[in-house]
file run_5.txt (compact mmCIF, C-alpha atoms)
# COMPACT_ATOMS: atom_id res chain seq x y z
CA MET A 1 -112.01 42.01 46.25
CA ASN A 2 -110.13 45.29 46.17
CA VAL A 3 -112.84 47.79 45.21
CA SER A 4 -110.35 50.52 44.34
CA SER A 5 -108.76 48.36 41.68
CA GLN A 6 -112.07 47.14 40.22
CA GLY A 7 -113.81 50.50 40.14
CA LEU A 8 -116.82 51.77 42.07
CA SER A 9 -120.34 50.72 41.20
CA ALA A 10 -123.08 53.26 40.46
CA GLU A 11 -124.71 52.33 43.79
CA GLN A 12 -121.48 52.97 45.71
CA ILE A 13 -121.02 56.37 44.05
CA THR A 14 -124.60 57.32 44.95
CA GLU A 15 -123.98 56.17 48.53
CA LEU A 16 -120.88 58.38 48.77
CA ILE A 17 -122.72 61.38 47.28
CA ASP A 18 -125.51 61.00 49.87
CA LEU A 19 -122.97 60.59 52.70
CA ILE A 20 -120.97 63.69 51.70
CA LYS A 21 -124.12 65.80 51.37
CA LYS A 22 -125.39 64.69 54.78
CA VAL A 23 -122.10 65.08 56.67
CA HIS A 24 -120.41 67.99 54.88
CA GLY A 25 -123.18 69.78 53.00
CA PHE A 26 -121.57 69.41 49.56
CA ASP A 27 -123.90 68.08 46.88
CA PHE A 28 -122.15 66.22 44.07
CA SER A 29 -125.33 64.57 42.76
CA ASP A 30 -125.28 66.48 39.47
CA TYR A 31 -121.56 66.10 38.83
CA SER A 32 -120.58 63.97 35.86
CA LYS A 33 -120.67 60.40 37.15
CA ALA A 34 -117.80 59.38 34.88
CA SER A 35 -115.61 62.18 36.25
CA LEU A 36 -116.58 61.37 39.85
CA LYS A 37 -115.86 57.68 39.40
CA ARG A 38 -112.46 58.44 37.89
CA ARG A 39 -111.45 60.79 40.70
CA LEU A 40 -112.85 58.67 43.52
CA SER A 41 -111.03 55.62 42.18
CA ARG A 42 -107.81 57.65 42.01
CA ILE A 43 -108.18 58.72 45.66
CA MET A 44 -108.81 55.15 46.76
CA MET A 45 -105.83 53.89 44.80
CA ILE A 46 -103.42 56.55 46.11
CA LYS A 47 -104.62 56.21 49.72
CA LYS A 48 -104.93 52.41 49.43
CA LEU A 49 -108.51 52.53 50.70
CA GLU A 50 -111.35 50.07 50.40
CA PHE A 51 -114.85 51.47 49.93
CA TYR A 52 -115.83 51.08 53.61
CA ASP A 53 -112.52 52.73 54.65
CA LEU A 54 -113.29 55.73 52.46
CA LYS A 55 -116.76 56.12 53.99
CA HIS A 56 -115.36 55.92 57.52
CA ILE A 57 -112.59 58.48 56.97
CA LEU A 58 -114.94 60.90 55.17
CA VAL A 59 -117.17 60.96 58.24
CA ASN A 60 -114.48 61.10 60.91
CA ASN A 61 -111.55 63.07 59.47
CA ALA A 62 -112.17 66.73 58.56
CA ASP A 63 -108.60 67.20 57.30
CA PHE A 64 -108.99 64.27 54.94
CA PHE A 65 -112.21 65.77 53.59
CA GLN A 66 -110.35 68.96 52.64
CA ASP A 67 -107.79 66.89 50.72
CA PHE A 68 -110.63 64.88 49.21
CA LEU A 69 -112.45 68.05 48.12
CA GLU A 70 -109.28 69.38 46.53
CA GLU A 71 -108.86 66.19 44.50
CA ILE A 72 -112.51 66.04 43.40
CA THR A 73 -112.79 69.71 42.39
CA VAL A 74 -109.30 70.28 40.98
CA ASN A 75 -109.28 72.04 37.60
CA VAL A 76 -106.39 72.00 35.18
CA THR A 77 -105.37 75.61 34.68
CA GLU A 78 -102.63 77.72 33.16
CA MET A 79 -102.08 81.35 32.23
CA PHE A 80 -103.59 82.46 28.91
CA ARG A 81 -104.92 78.95 28.31
CA ASP A 82 -106.36 78.76 24.79
CA PRO A 83 -104.67 81.90 23.41
CA SER A 84 -107.28 82.23 20.65
CA PHE A 85 -109.86 82.85 23.38
CA TYR A 86 -107.88 85.82 24.72
CA LYS A 87 -107.46 87.16 21.19
CA ALA A 88 -111.23 86.99 20.70
CA LEU A 89 -111.82 88.61 24.09
CA ASN A 90 -109.42 91.41 23.22
CA ASN A 91 -110.95 92.05 19.81
CA GLN A 92 -114.65 91.47 20.40
CA VAL A 93 -115.37 92.08 24.09
CA ILE A 94 -112.82 94.56 25.45
CA PRO A 95 -114.01 97.41 23.16
CA TYR A 96 -117.53 96.92 24.53
CA LEU A 97 -116.34 96.73 28.15
CA SER A 98 -114.37 99.97 27.70
CA THR A 99 -117.69 101.86 27.44
CA TYR A 100 -118.58 101.05 31.07
CA GLN A 101 -117.67 103.38 33.91
CA HIS A 102 -116.85 100.41 36.13
CA ILE A 103 -116.09 96.84 35.01
CA LYS A 104 -116.76 93.90 37.32
CA ILE A 105 -115.66 90.44 36.23
CA TRP A 106 -116.32 87.06 37.83
CA SER A 107 -113.97 84.15 37.20
CA ALA A 108 -116.00 81.19 38.49
CA GLY A 109 -114.06 78.03 39.34
CA CYS A 110 -110.85 80.07 39.30
CA SER A 111 -108.68 77.34 40.86
CA SER A 112 -105.22 78.73 41.74
CA GLY A 113 -105.79 82.07 40.03
CA GLU A 114 -103.99 81.82 36.70
CA GLU A 115 -107.05 82.89 34.70
CA VAL A 116 -107.81 85.80 37.04
CA TYR A 117 -104.31 87.20 36.62
CA SER A 118 -104.43 86.57 32.86
CA LEU A 119 -107.58 88.71 32.72
CA ALA A 120 -105.94 91.36 34.92
CA ILE A 121 -102.98 91.57 32.53
CA LEU A 122 -105.30 91.79 29.51
CA LEU A 123 -107.26 94.63 31.14
CA ASP A 124 -104.05 96.40 32.10
CA GLN A 125 -102.75 96.29 28.53
CA SER A 126 -106.12 97.59 27.32
CA GLY A 127 -105.91 100.60 29.64
CA LEU A 128 -108.87 99.37 31.71
CA LYS A 129 -107.15 98.22 34.89
CA GLU A 130 -108.02 101.31 36.93
CA LYS A 131 -111.76 100.86 36.46
CA SER A 132 -111.85 97.05 36.63
CA PHE A 133 -112.20 94.55 39.45
CA ILE A 134 -112.02 90.76 39.14
CA TYR A 135 -113.63 88.35 41.59
CA GLY A 136 -112.16 84.85 41.57
CA THR A 137 -114.22 82.15 43.27
CA ASP A 138 -113.85 78.45 43.89
CA VAL A 139 -115.22 75.87 46.29
CA ASN A 140 -111.68 74.69 47.03
CA THR A 141 -110.08 76.69 49.88
CA VAL A 142 -106.60 75.23 49.28
CA VAL A 143 -106.26 76.52 45.71
CA LEU A 144 -107.76 79.87 46.74
CA LYS A 145 -104.86 80.36 49.16
CA GLU A 146 -102.45 79.88 46.25
CA ALA A 147 -104.46 82.32 44.16
CA ARG A 148 -104.37 85.03 46.84
CA MET A 149 -100.59 84.77 47.11
CA GLY A 150 -100.10 85.02 43.36
CA ILE A 151 -96.81 83.13 43.58
CA TYR A 152 -96.05 80.56 40.90
CA SER A 153 -93.14 78.40 39.88
CA TYR A 154 -90.88 80.33 37.54
CA ARG A 155 -90.68 77.18 35.42
CA ASN A 156 -94.49 77.33 34.99
CA ILE A 157 -94.41 81.01 34.08
CA LYS A 158 -91.81 80.30 31.42
CA SER A 159 -93.99 77.51 30.05
CA TYR A 160 -96.96 79.91 29.87
CA ALA A 161 -94.91 82.45 27.90
CA GLU A 162 -95.83 80.88 24.56
CA ASN A 163 -99.56 81.20 25.40
CA TYR A 164 -98.97 84.88 26.16
CA GLN A 165 -97.23 85.51 22.85
CA LEU A 166 -99.95 83.66 20.91
CA SER A 167 -102.56 85.81 22.65
CA GLY A 168 -101.11 88.78 20.75
CA LEU A 169 -100.19 90.84 23.81
CA LYS A 170 -97.22 93.16 24.01
CA GLY A 171 -93.92 92.38 25.70
CA SER A 172 -93.34 89.24 27.72
CA LEU A 173 -95.36 87.47 30.39
CA THR A 174 -92.44 87.85 32.80
CA ASP A 175 -92.87 91.66 32.56
CA HIS A 176 -95.83 91.23 34.91
CA PHE A 177 -93.98 89.22 37.57
CA THR A 178 -91.18 89.76 40.05
CA THR A 179 -88.88 86.76 40.01
CA MET A 180 -86.68 85.50 42.80
CA TYR A 181 -84.82 82.23 42.49
CA ASP A 182 -87.37 79.65 41.29
CA ALA A 183 -90.55 81.63 42.11
CA ALA A 184 -92.43 84.40 40.31
CA THR A 185 -94.87 86.78 42.06
CA ILE A 186 -97.56 88.71 40.20
CA HIS A 187 -97.06 92.48 40.43
CA SER A 188 -98.90 94.04 43.38
CA GLU A 189 -100.80 96.55 41.22
CA LEU A 190 -102.38 93.66 39.32
CA LYS A 191 -103.16 91.77 42.52
CA ALA A 192 -104.82 94.91 43.96
CA SER A 193 -107.65 94.66 41.44
CA THR A 194 -108.61 91.11 42.47
CA LEU A 195 -110.49 89.41 45.27
CA PHE A 196 -110.61 85.65 45.85
CA SER A 197 -113.37 84.03 47.89
CA VAL A 198 -115.25 80.77 48.39
CA HIS A 199 -118.38 80.33 46.31
CA ASN A 200 -120.20 77.09 45.58
CA LEU A 201 -121.80 77.21 42.12
CA ILE A 202 -124.17 74.44 43.12
CA SER A 203 -125.68 75.96 46.26
CA ASP A 204 -124.73 79.66 46.50
CA THR A 205 -126.61 82.53 44.90
CA VAL A 206 -125.97 85.79 43.02
CA PHE A 207 -123.56 88.05 44.90
CA ASN A 208 -123.01 90.94 42.46
CA GLU A 209 -123.82 92.26 38.99
CA PHE A 210 -121.09 91.63 36.43
CA GLN A 211 -120.17 92.87 32.99
CA LEU A 212 -118.35 89.60 32.25
CA ILE A 213 -118.42 86.11 33.72
CA SER A 214 -115.84 83.51 32.79
CA CYS A 215 -116.45 79.87 33.72
CA ARG A 216 -114.18 77.90 31.42
CA ASN A 217 -113.56 74.16 31.53
CA VAL A 218 -115.83 73.67 34.54
CA PHE A 219 -119.14 72.66 32.91
CA ILE A 220 -117.62 69.50 31.51
CA TYR A 221 -117.70 68.04 35.04
CA PHE A 222 -121.45 68.67 35.47
CA GLU A 223 -124.54 66.86 34.26
CA THR A 224 -126.99 68.76 32.01
CA GLN A 225 -129.44 69.62 34.80
CA LEU A 226 -126.73 71.25 36.89
CA GLN A 227 -125.33 73.09 33.87
CA GLU A 228 -128.74 74.69 33.32
CA LYS A 229 -129.04 75.63 37.00
CA ILE A 230 -125.66 77.38 36.86
CA LEU A 231 -126.49 79.09 33.56
CA GLU A 232 -129.53 80.59 35.29
CA LEU A 233 -127.26 81.81 38.10
CA PHE A 234 -124.93 83.41 35.54
CA TYR A 235 -127.83 84.97 33.63
CA LYS A 236 -129.10 86.61 36.83
CA SER A 237 -125.56 87.71 37.75
CA LEU A 238 -124.90 89.50 34.45
CA CYS A 239 -125.83 93.09 33.75
CA PRO A 240 -127.94 93.70 30.60
CA TYR A 241 -125.82 92.78 27.56
CA GLY A 242 -123.07 91.35 29.77
CA PHE A 243 -120.79 88.59 28.48
CA LEU A 244 -120.48 84.92 29.41
CA CYS A 245 -117.36 82.95 28.48
CA LEU A 246 -117.39 79.15 28.49
CA GLY A 247 -114.57 76.73 27.67
CA SER A 248 -113.58 75.45 24.25
CA LYS A 249 -115.38 72.12 24.83
CA GLU A 250 -118.49 73.70 26.34
CA THR A 251 -121.51 75.36 24.81
CA ILE A 252 -125.08 76.46 25.54
CA ARG A 253 -127.26 73.58 24.35
CA SER A 254 -130.55 74.38 26.09
CA ASP A 255 -133.16 75.98 23.79
CA ALA A 256 -134.36 78.11 26.70
CA PHE A 257 -130.92 79.60 27.26
CA LYS A 258 -130.24 80.01 23.55
CA LYS A 259 -133.06 82.57 23.70
CA LYS A 260 -131.36 84.36 26.60
CA PHE A 261 -127.86 84.56 25.10
CA LYS A 262 -126.53 85.29 21.64
CA ALA A 263 -123.22 83.88 20.41
CA VAL A 264 -120.55 86.57 20.00
CA ASN A 265 -117.91 84.03 19.03
CA GLN A 266 -119.16 80.50 18.38
CA LYS A 267 -115.69 78.97 18.18
CA GLU A 268 -114.55 80.37 21.54
CA ASN A 269 -117.99 80.04 23.18
CA ILE A 270 -118.33 83.70 24.09
CA TYR A 271 -121.95 84.77 24.60
CA GLN A 272 -123.80 88.00 25.35
CA LYS A 273 -126.88 88.27 27.53
CA ILE A 274 -129.95 89.37 25.61
CA GLY A 275 -131.93 92.07 27.38
CA ALA A 276 -132.32 92.85 31.09

call {"tool": "encode", "arguments": {"input": "run_5.txt", "output": "structure tokens"}}
result
Amino acid sequence: MNVSSQGLSAEQITELIDLIKKVHGFDFSDYSKASLKRRLSRIMMIKKLEFYDLKHILVNNADFFQDFLEEITVNVTEMFRDPSFYKALNNQVIPYLSTYQHIKIWSAGCSSGEEVYSLAILLDQSGLKEKSFIYGTDVNTVVLKEARMGIYSYRNIKSYAENYQLSGLKGSLTDHFTTMYDAATIHSELKASTLFSVHNLISDTVFNEFQLISCRNVFIYFETQLQEKILELFYKSLCPYGFLCLGSKETIRSDAFKKKFKAVNQKENIYQKIGA
């Protein structure tokens, strides 16, 4: 039987999780099993691998594991995704952030950097660029390389232009890029206020104190227990009264964390830390 065509069993997924943790140190045990199954099956189908082949190559081929990691952790991203979120951020959070002497922002699970640069543009238009710094982190080293370069397909930038307009910002998205042929590069002054680095939300700890943390459309891939573990990490990483932004399909469900955060915008899932 071709396992890749029939789908992996729960026991096989558990076996792969244990193998990856033992060999590579990545723990996927609290990832959504439905999401893992879908992505593992896709890898096996594309690579034409049986289950035992996948286990063998994961152990013996480091290059394959990097490709594997990229496929498992890939996040769909675009500039100014969910324009209503950026409108809410501009109206309800930016005025508060403007009162700080220095603004540090963490974009967790930043993928190839589109959200980081969206935030940089928003801060620039708000007159806060000079006192702001944005850290973009991801577990995926391949997408982080793309993020550091800040070079995107001009076709993609044109497709993001509608998001930009709906976000209520001035001018055009292309005003913030230098275009050459079919590529667009983010302006250097915007790139200068960013830093991209590897950070594993599952195993790594607090590395700074932030006024705002954005982790949008990442929680949906995690089981409840892992979500709560990461919420604790974010809570400890935020300054008193700092802001946490989750995705449109994500929310704080835990009663314990509902006492630690208040909803600033329920629709856009923007929260503020309560107390120190």

call {"tool": "closest_atom_pairs", "arguments": {"input": "run_5.txt", "of": "region 126-230 of chain A", "to": "region 81-89 of chain A", "cutoff": "10 Å", "atoms": "all atoms listed in the file", "output": "tab-separated table"}}
result
residue	atom	partner	partner_atom	distance
A:Tyr160	CA	A:Arg81	CA	8.2
A:Glu162	CA	A:Pro83	CA	9.0
A:Asn163	CA	A:Pro83	CA	5.5
A:Tyr164	CA	A:Pro83	CA	7.0
A:Gln165	CA	A:Pro83	CA	8.3
A:Leu166	CA	A:Pro83	CA	5.6
A:Ser167	CA	A:Pro83	CA	4.5
A:Gly168	CA	A:Lys87	CA	6.6
A:Leu169	CA	A:Lys87	CA	8.6
A:Arg216	CA	A:Arg81	CA	9.8

call {"tool": "write_last_selection", "arguments": {"input": "run_5.txt", "atoms": "C-alpha atoms", "output": "JSON list (two decimals), keeping the file's coordinate frame"}}
result
[["chain", "number", "residue", "atom", "x", "y", "z"],
["A", 160, "TYR", "CA", -96.96, 79.91, 29.87],
["A", 162, "GLU", "CA", -95.83, 80.88, 24.56],
["A", 163, "ASN", "CA", -99.56, 81.20, 25.40],
["A", 164, "TYR", "CA", -98.97, 84.88, 26.16],
["A", 165, "GLN", "CA", -97.23, 85.51, 22.85],
["A", 166, "LEU", "CA", -99.95, 83.66, 20.91],
["A", 167, "SER", "CA", -102.56, 85.81, 22.65],
["A", 168, "GLY", "CA", -101.11, 88.78, 20.75],
["A", 169, "LEU", "CA", -100.19, 90.84, 23.81],
["A", 216, "ARG", "CA", -114.18, 77.90, 31.42]]

call {"tool": "closest_residue", "arguments": {"input": "run_5.txt", "among": "A:Tyr181, A:Phe26, A:Tyr271, A:Tyr152", "to": "Cys215 (chain A)", "atoms": "only C-alpha atoms"}}
result
A:Tyr271

call {"tool": "closest_atom_pairs", "arguments": {"input": "run_5.txt", "of": "region 112-215 of chain A", "to": "region 229-243 of chain A", "cutoff": "6 Å", "atoms": "all atoms listed in the file", "output": "tab-separated table"}}
result
residue	atom	partner	partner_atom	distance
A:Val206	CA	A:Ser237	CA	5.6
A:Glu209	CA	A:Ser237	CA	5.0
A:Phe210	CA	A:Leu238	CA	4.8
A:Gln211	CA	A:Gly242	CA	4.6
A:Leu212	CA	A:Phe243	CA	4.6

call {"tool": "residues_near_point", "arguments": {"input": "run_5.txt", "point": "(-108.8, 73.2, 46.1)", "cutoff": "9 Å", "atoms": "only C-alpha atoms", "output": "mmCIF file with C-alpha atoms, in the coordinates of the input"}}
result
data_model
loop_
_atom_site.group_PDB
_atom_site.id
_atom_site.type_symbol
_atom_site.label_atom_id
_atom_site.label_comp_id
_atom_site.auth_asym_id
_atom_site.auth_seq_id
_atom_site.Cartn_x
_atom_site.Cartn_y
_atom_site.Cartn_z
ATOM 1 C CA GLN A 66 -110.350 68.960 52.640
ATOM 2 C CA ASP A 67 -107.790 66.890 50.720
ATOM 3 C CA LEU A 69 -112.450 68.050 48.120
ATOM 4 C CA GLU A 70 -109.280 69.380 46.530
ATOM 5 C CA GLU A 71 -108.860 66.190 44.500
ATOM 6 C CA ILE A 72 -112.510 66.040 43.400
ATOM 7 C CA THR A 73 -112.790 69.710 42.390
ATOM 8 C CA VAL A 74 -109.300 70.280 40.980
ATOM 9 C CA ASN A 75 -109.280 72.040 37.600
ATOM 10 C CA SER A 111 -108.680 77.340 40.860
ATOM 11 C CA SER A 112 -105.220 78.730 41.740
ATOM 12 C CA ASP A 138 -113.850 78.450 43.890
ATOM 13 C CA VAL A 139 -115.220 75.870 46.290
ATOM 14 C CA ASN A 140 -111.680 74.690 47.030
ATOM 15 C CA THR A 141 -110.080 76.690 49.880
ATOM 16 C CA VAL A 142 -106.600 75.230 49.280
ATOM 17 C CA VAL A 143 -106.260 76.520 45.710
ATOM 18 C CA LEU A 144 -107.760 79.870 46.740
ATOM 19 C CA LYS A 145 -104.860 80.360 49.160
#

call {"tool": "residues_near_point", "arguments": {"input": "run_5.txt", "point": "(-106.1, 92.2, 44.4)", "cutoff": "12 Å", "atoms": "all atoms listed in the file", "output": "JSON list (two decimals) with C-alpha atoms, in the coordinates of the input"}}
result
[["chain", "number", "residue", "atom", "x", "y", "z"],
["A", 113, "GLY", "CA", -105.79, 82.07, 40.03],
["A", 116, "VAL", "CA", -107.81, 85.80, 37.04],
["A", 117, "TYR", "CA", -104.31, 87.20, 36.62],
["A", 120, "ALA", "CA", -105.94, 91.36, 34.92],
["A", 129, "LYS", "CA", -107.15, 98.22, 34.89],
["A", 130, "GLU", "CA", -108.02, 101.31, 36.93],
["A", 132, "SER", "CA", -111.85, 97.05, 36.63],
["A", 133, "PHE", "CA", -112.20, 94.55, 39.45],
["A", 134, "ILE", "CA", -112.02, 90.76, 39.14],
["A", 135, "TYR", "CA", -113.63, 88.35, 41.59],
["A", 136, "GLY", "CA", -112.16, 84.85, 41.57],
["A", 147, "ALA", "CA", -104.46, 82.32, 44.16],
["A", 148, "ARG", "CA", -104.37, 85.03, 46.84],
["A", 149, "MET", "CA", -100.59, 84.77, 47.11],
["A", 150, "GLY", "CA", -100.10, 85.02, 43.36],
["A", 186, "ILE", "CA", -97.56, 88.71, 40.20],
["A", 187, "HIS", "CA", -97.06, 92.48, 40.43],
["A", 188, "SER", "CA", -98.90, 94.04, 43.38],
["A", 189, "GLU", "CA", -100.80, 96.55, 41.22],
["A", 190, "LEU", "CA", -102.38, 93.66, 39.32],
["A", 191, "LYS", "CA", -103.16, 91.77, 42.52],
["A", 192, "ALA", "CA", -104.82, 94.91, 43.96],
["A", 193, "SER", "CA", -107.65, 94.66, 41.44],
["A", 194, "THR", "CA", -108.61, 91.11, 42.47],
["A", 195, "LEU", "CA", -110.49, 89.41, 45.27],
["A", 196, "PHE", "CA", -110.61, 85.65, 45.85],
["A", 197, "SER", "CA", -113.37, 84.03, 47.89]]

call {"tool": "atom_distance", "arguments": {"input": "run_5.txt", "atom1": "CA of Leu54 (chain A)", "atom2": "CA of Ala34 (chain A)"}}
result
18.5 Å

call {"tool": "residues_around", "arguments": {"input": "run_5.txt", "residues": "Ser107 (chain A)", "least_positions_apart": "3", "cutoff": "6 Å", "atoms": "all atoms listed in the file", "output": "list of chain:residue names"}}
result
A:Cys110, A:Gly136, A:Ile213, A:Ser214

call {"tool": "residues_around", "arguments": {"input": "run_5.txt", "residues": "Ser29 (chain A)", "least_positions_apart": "6", "cutoff": "12 Å", "atoms": "only C-alpha atoms", "output": "MDAnalysis selection string"}}
result
chainID A and resid 10 13:21 35:36 202:203 221:226

call {"tool": "atom_distance", "arguments": {"input": "run_5.txt", "atom1": "CA of Tyr96 (chain A)", "atom2": "CA of Lys262 (chain A)"}}
result
15.0 Å

call {"tool": "closest_residue", "arguments": {"input": "run_5.txt", "among": "A:Asn60, A:Gln266, A:Thr185, A:Ser9", "to": "Leu244 (chain A)", "atoms": "all atoms listed in the file"}}
result
A:Gln266

call {"tool": "build_atoms", "arguments": {"input": "run_5.txt", "residues": "region 62-71 of chain A", "atoms": "all heavy atoms", "output": "PDB file, in the coordinates of the input"}}
result
ATOM      1  N   ALA A  62    -111.895  65.472  59.278  1.00  0.00           N
ATOM      2  CA  ALA A  62    -112.170  66.730  58.560  1.00  0.00           C
ATOM      3  C   ALA A  62    -111.005  67.123  57.666  1.00  0.00           C
ATOM      4  O   ALA A  62    -111.202  67.670  56.578  1.00  0.00           O
ATOM      5  CB  ALA A  62    -112.463  67.842  59.566  1.00  0.00           C
ATOM      6  N   ASP A  63    -109.776  66.862  58.119  1.00  0.00           N
ATOM      7  CA  ASP A  63    -108.600  67.200  57.300  1.00  0.00           C
ATOM      8  C   ASP A  63    -108.580  66.383  56.016  1.00  0.00           C
ATOM      9  O   ASP A  63    -108.248  66.901  54.946  1.00  0.00           O
ATOM     10  CB  ASP A  63    -107.303  66.954  58.090  1.00  0.00           C
ATOM     11  CG  ASP A  63    -107.125  67.960  59.223  1.00  0.00           C
ATOM     12  OD1 ASP A  63    -107.713  69.055  59.131  1.00  0.00           O
ATOM     13  OD2 ASP A  63    -106.405  67.645  60.183  1.00  0.00           O
ATOM     14  N   PHE A  64    -108.938  65.116  56.137  1.00  0.00           N
ATOM     15  CA  PHE A  64    -108.990  64.270  54.940  1.00  0.00           C
ATOM     16  C   PHE A  64    -110.033  64.800  53.971  1.00  0.00           C
ATOM     17  O   PHE A  64    -109.810  64.792  52.757  1.00  0.00           O
ATOM     18  CB  PHE A  64    -109.331  62.824  55.320  1.00  0.00           C
ATOM     19  CG  PHE A  64    -109.519  61.927  54.119  1.00  0.00           C
ATOM     20  CD1 PHE A  64    -108.434  61.343  53.485  1.00  0.00           C
ATOM     21  CD2 PHE A  64    -110.797  61.695  53.593  1.00  0.00           C
ATOM     22  CE1 PHE A  64    -108.600  60.535  52.369  1.00  0.00           C
ATOM     23  CE2 PHE A  64    -110.970  60.899  52.477  1.00  0.00           C
ATOM     24  CZ  PHE A  64    -109.863  60.322  51.869  1.00  0.00           C
ATOM     25  N   PHE A  65    -111.167  65.271  54.493  1.00  0.00           N
ATOM     26  CA  PHE A  65    -112.210  65.770  53.590  1.00  0.00           C
ATOM     27  C   PHE A  65    -111.716  66.961  52.785  1.00  0.00           C
ATOM     28  O   PHE A  65    -112.067  67.108  51.613  1.00  0.00           O
ATOM     29  CB  PHE A  65    -113.476  66.145  54.356  1.00  0.00           C
ATOM     30  CG  PHE A  65    -114.561  66.654  53.443  1.00  0.00           C
ATOM     31  CD1 PHE A  65    -115.220  65.789  52.580  1.00  0.00           C
ATOM     32  CD2 PHE A  65    -114.892  68.006  53.403  1.00  0.00           C
ATOM     33  CE1 PHE A  65    -116.194  66.247  51.706  1.00  0.00           C
ATOM     34  CE2 PHE A  65    -115.862  68.476  52.537  1.00  0.00           C
ATOM     35  CZ  PHE A  65    -116.520  67.596  51.688  1.00  0.00           C
ATOM     36  N   GLN A  66    -110.897  67.823  53.383  1.00  0.00           N
ATOM     37  CA  GLN A  66    -110.350  68.960  52.640  1.00  0.00           C
ATOM     38  C   GLN A  66    -109.458  68.489  51.495  1.00  0.00           C
ATOM     39  O   GLN A  66    -109.514  69.014  50.385  1.00  0.00           O
ATOM     40  CB  GLN A  66    -109.580  69.890  53.580  1.00  0.00           C
ATOM     41  CG  GLN A  66    -110.466  70.744  54.469  1.00  0.00           C
ATOM     42  CD  GLN A  66    -111.460  71.589  53.682  1.00  0.00           C
ATOM     43  OE1 GLN A  66    -111.119  72.232  52.694  1.00  0.00           O
ATOM     44  NE2 GLN A  66    -112.717  71.591  54.110  1.00  0.00           N
ATOM     45  N   ASP A  67    -108.623  67.474  51.774  1.00  0.00           N
ATOM     46  CA  ASP A  67    -107.790  66.890  50.720  1.00  0.00           C
ATOM     47  C   ASP A  67    -108.662  66.231  49.645  1.00  0.00           C
ATOM     48  O   ASP A  67    -108.384  66.331  48.450  1.00  0.00           O
ATOM     49  CB  ASP A  67    -106.835  65.849  51.311  1.00  0.00           C
ATOM     50  CG  ASP A  67    -105.787  66.474  52.216  1.00  0.00           C
ATOM     51  OD1 ASP A  67    -105.544  67.693  52.090  1.00  0.00           O
ATOM     52  OD2 ASP A  67    -105.217  65.749  53.048  1.00  0.00           O
ATOM     53  N   PHE A  68    -109.699  65.549  50.104  1.00  0.00           N
ATOM     54  CA  PHE A  68    -110.630  64.880  49.210  1.00  0.00           C
ATOM     55  C   PHE A  68    -111.312  65.896  48.289  1.00  0.00           C
ATOM     56  O   PHE A  68    -111.401  65.710  47.076  1.00  0.00           O
ATOM     57  CB  PHE A  68    -111.676  64.149  50.072  1.00  0.00           C
ATOM     58  CG  PHE A  68    -112.827  63.554  49.317  1.00  0.00           C
ATOM     59  CD1 PHE A  68    -112.743  62.276  48.800  1.00  0.00           C
ATOM     60  CD2 PHE A  68    -114.011  64.275  49.134  1.00  0.00           C
ATOM     61  CE1 PHE A  68    -113.821  61.710  48.107  1.00  0.00           C
ATOM     62  CE2 PHE A  68    -115.080  63.725  48.451  1.00  0.00           C
ATOM     63  CZ  PHE A  68    -114.977  62.438  47.935  1.00  0.00           C
ATOM     64  N   LEU A  69    -111.772  67.000  48.878  1.00  0.00           N
ATOM     65  CA  LEU A  69    -112.450  68.050  48.120  1.00  0.00           C
ATOM     66  C   LEU A  69    -111.514  68.646  47.073  1.00  0.00           C
ATOM     67  O   LEU A  69    -111.912  68.920  45.940  1.00  0.00           O
ATOM     68  CB  LEU A  69    -112.941  69.138  49.077  1.00  0.00           C
ATOM     69  CG  LEU A  69    -113.904  70.175  48.512  1.00  0.00           C
ATOM     70  CD1 LEU A  69    -115.196  69.523  48.045  1.00  0.00           C
ATOM     71  CD2 LEU A  69    -114.193  71.242  49.565  1.00  0.00           C
ATOM     72  N   GLU A  70    -110.261  68.825  47.463  1.00  0.00           N
ATOM     73  CA  GLU A  70    -109.280  69.380  46.530  1.00  0.00           C
ATOM     74  C   GLU A  70    -109.093  68.451  45.327  1.00  0.00           C
ATOM     75  O   GLU A  70    -109.020  68.900  44.182  1.00  0.00           O
ATOM     76  CB  GLU A  70    -107.929  69.577  47.243  1.00  0.00           C
ATOM     77  CG  GLU A  70    -106.861  70.184  46.356  1.00  0.00           C
ATOM     78  CD  GLU A  70    -105.557  70.407  47.088  1.00  0.00           C
ATOM     79  OE1 GLU A  70    -105.480  70.137  48.304  1.00  0.00           O
ATOM     80  OE2 GLU A  70    -104.598  70.863  46.434  1.00  0.00           O
ATOM     81  N   GLU A  71    -109.052  67.161  45.580  1.00  0.00           N
ATOM     82  CA  GLU A  71    -108.860  66.190  44.500  1.00  0.00           C
ATOM     83  C   GLU A  71    -110.087  66.125  43.592  1.00  0.00           C
ATOM     84  O   GLU A  71    -109.967  66.067  42.367  1.00  0.00           O
ATOM     85  CB  GLU A  71    -108.586  64.806  45.094  1.00  0.00           C
ATOM     86  CG  GLU A  71    -108.363  63.716  44.068  1.00  0.00           C
ATOM     87  CD  GLU A  71    -107.075  63.883  43.284  1.00  0.00           C
ATOM     88  OE1 GLU A  71    -106.097  64.404  43.832  1.00  0.00           O
ATOM     89  OE2 GLU A  71    -107.055  63.485  42.099  1.00  0.00           O
TER      90      GLU A  71
END
